[in-house]
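Structure, as structure tokens:
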Amino acid sequence: MLNSTRGLLASTLLAILAVALVACSSVPAIPAVSGPLVTITTRGGECPAGPCGGTTVIERDGKVHQTVPVAADLGQVPADVLTALDAAIKTADFNVIRAVQFEGECPVNFDGQEFIYEFGAPGGVERVASCETRIDPAHPLFAALNAALVAVEVAPAP
């Protein structure tokens, strides 16, 4: 009787384990989105100490800060503006955006600046550089980004 009880217990445990494995494997893995929502790097231009440049970061909680040339807190994007920016990033077709090539000479070649945007999209970081891609400020993604920067007075209002 002891062997049959052990066999029944072992069979029951194996059945529970099999059900648990099937249940776990049927749940699709959802990648965790981490890192900044947007990183904007500028490069080029002439500053007194040499070439100009900087990096501004919009965190997922709306905090905006500069990391280069010096660390500085710049403010907080209001919740409604942050939600709109997040939605614009999640729905943007980055391949379509990057398909419109920049034409001409990159402004860094004549004392201007290039803007490099890195968006924390659901599929990973999406990079868009103004010397590679013609940036359309009216595109919903860039309009939402501009609204966020204007909200913390990092960019001038249009």
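Identifiers in this document derive from the order of the structure tokens: chains are assigned A, B, ..., residues are numbered from 1 separately in each chain, and ligands are numbered from 1 in order of occurrence.
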As a list in words, please: every residue in stretch 60-148 of chain A that DSSP puts in alpha helix (DSSP H).
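Alpha helix (DSSP H) members of stretch 60-148 of chain A, listed: Ala79, Asp80, Val81, Leu82, Thr83, Ala84, Leu85, Asp86, Ala87, Ala88, Ile89, Lys90, Thr91, Phe94, Asn95, Val96, Ile97, Arg98, Ala99, Pro140, Leu141, Phe142, Ala143, Ala144, Leu145, Asn146, Ala147 and Ala148 of chain A.
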Just to be explicit: take each residue in the selection above, keep C-alpha atoms, and write the result as a tab-separated table (two decimals), in the first residue's frame.
```
chain	number	residue	atom	x	y	z
A	79	ALA	CA	1.94	64.21	-16.67
A	80	ASP	CA	-0.37	64.89	-19.64
A	81	VAL	CA	2.52	66.00	-21.86
A	82	LEU	CA	4.59	62.98	-20.76
A	83	THR	CA	1.70	60.62	-21.54
A	84	ALA	CA	1.38	62.13	-25.03
A	85	LEU	CA	5.14	61.77	-25.63
A	86	ASP	CA	5.13	58.16	-24.42
A	87	ALA	CA	2.17	57.35	-26.70
A	88	ALA	CA	3.88	59.02	-29.67
A	89	ILE	CA	7.00	56.91	-29.10
A	90	LYS	CA	5.00	53.70	-28.74
A	91	THR	CA	3.09	54.28	-31.96
A	94	PHE	CA	10.74	54.54	-36.90
A	95	ASN	CA	11.52	52.84	-40.20
A	96	VAL	CA	9.19	55.27	-41.98
A	97	ILE	CA	10.71	58.23	-40.11
A	98	ARG	CA	14.26	57.17	-41.00
A	99	ALA	CA	13.27	56.50	-44.64
A	140	PRO	CA	3.52	63.64	-34.09
A	141	LEU	CA	6.67	62.17	-32.48
A	142	PHE	CA	8.73	65.34	-32.82
A	143	ALA	CA	5.76	67.59	-32.01
A	144	ALA	CA	5.24	65.66	-28.75
A	145	LEU	CA	8.96	65.84	-27.97
A	146	ASN	CA	9.00	69.59	-28.62
A	147	ALA	CA	5.95	70.04	-26.36
A	148	ALA	CA	7.79	68.21	-23.55
```
Do you know which residues are at most 9 Å from A:Ala151 counting only C-alpha atoms, after dropping those on the same chain fewer than 6 positions away, and could you put them as JSON, numbers by chain?
{"A": [75, 76, 77, 78, 81, 157]}
Spatial neighbours of A:Val57, 10 Å, only C-alpha atoms, chain gap at least 4 places, as an MDAnalysis selection string
chainID A and resid 36:41 62:68 73:74 117:118
Of the candidates A:Cys52, A:Ala71, A:Leu149, A:Val154, which shows the shortest atom-to-atom distance to A:Glu114, using only C-alpha atoms?
A:Cys52
Restricting the calculation to only C-alpha atoms: of A:Pro48, A:Gly35, A:Gly104, A:Pro122, which residue gets closest to A:Asp61?
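Closest candidate: A:Gly35.
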Separation of atom CA of A:Ser34 and atom CA of A:Ala138, in Å?
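It comes out at 27.1 Å.
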Near A:Val70, counting only C-alpha atoms, which residues have an atom at most 12 Å away, once you skip same-chain residues fewer than 6 positions from it, shown as a PyMOL selection string?
chain A and resi 53-56
Pull C-alpha atoms from the residues just selected and write them as a PDB file, in the first residue's frame.
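part08.pdb was written with the following content:
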```
ATOM      1  CA  GLY A  53      27.597  69.677 -27.570  1.00  0.00           C
ATOM      2  CA  GLY A  54      25.384  68.344 -24.859  1.00  0.00           C
ATOM      3  CA  THR A  55      23.058  65.591 -23.783  1.00  0.00           C
ATOM      4  CA  THR A  56      19.569  66.059 -22.362  1.00  0.00           C
TER       5      THR A  56
END
```
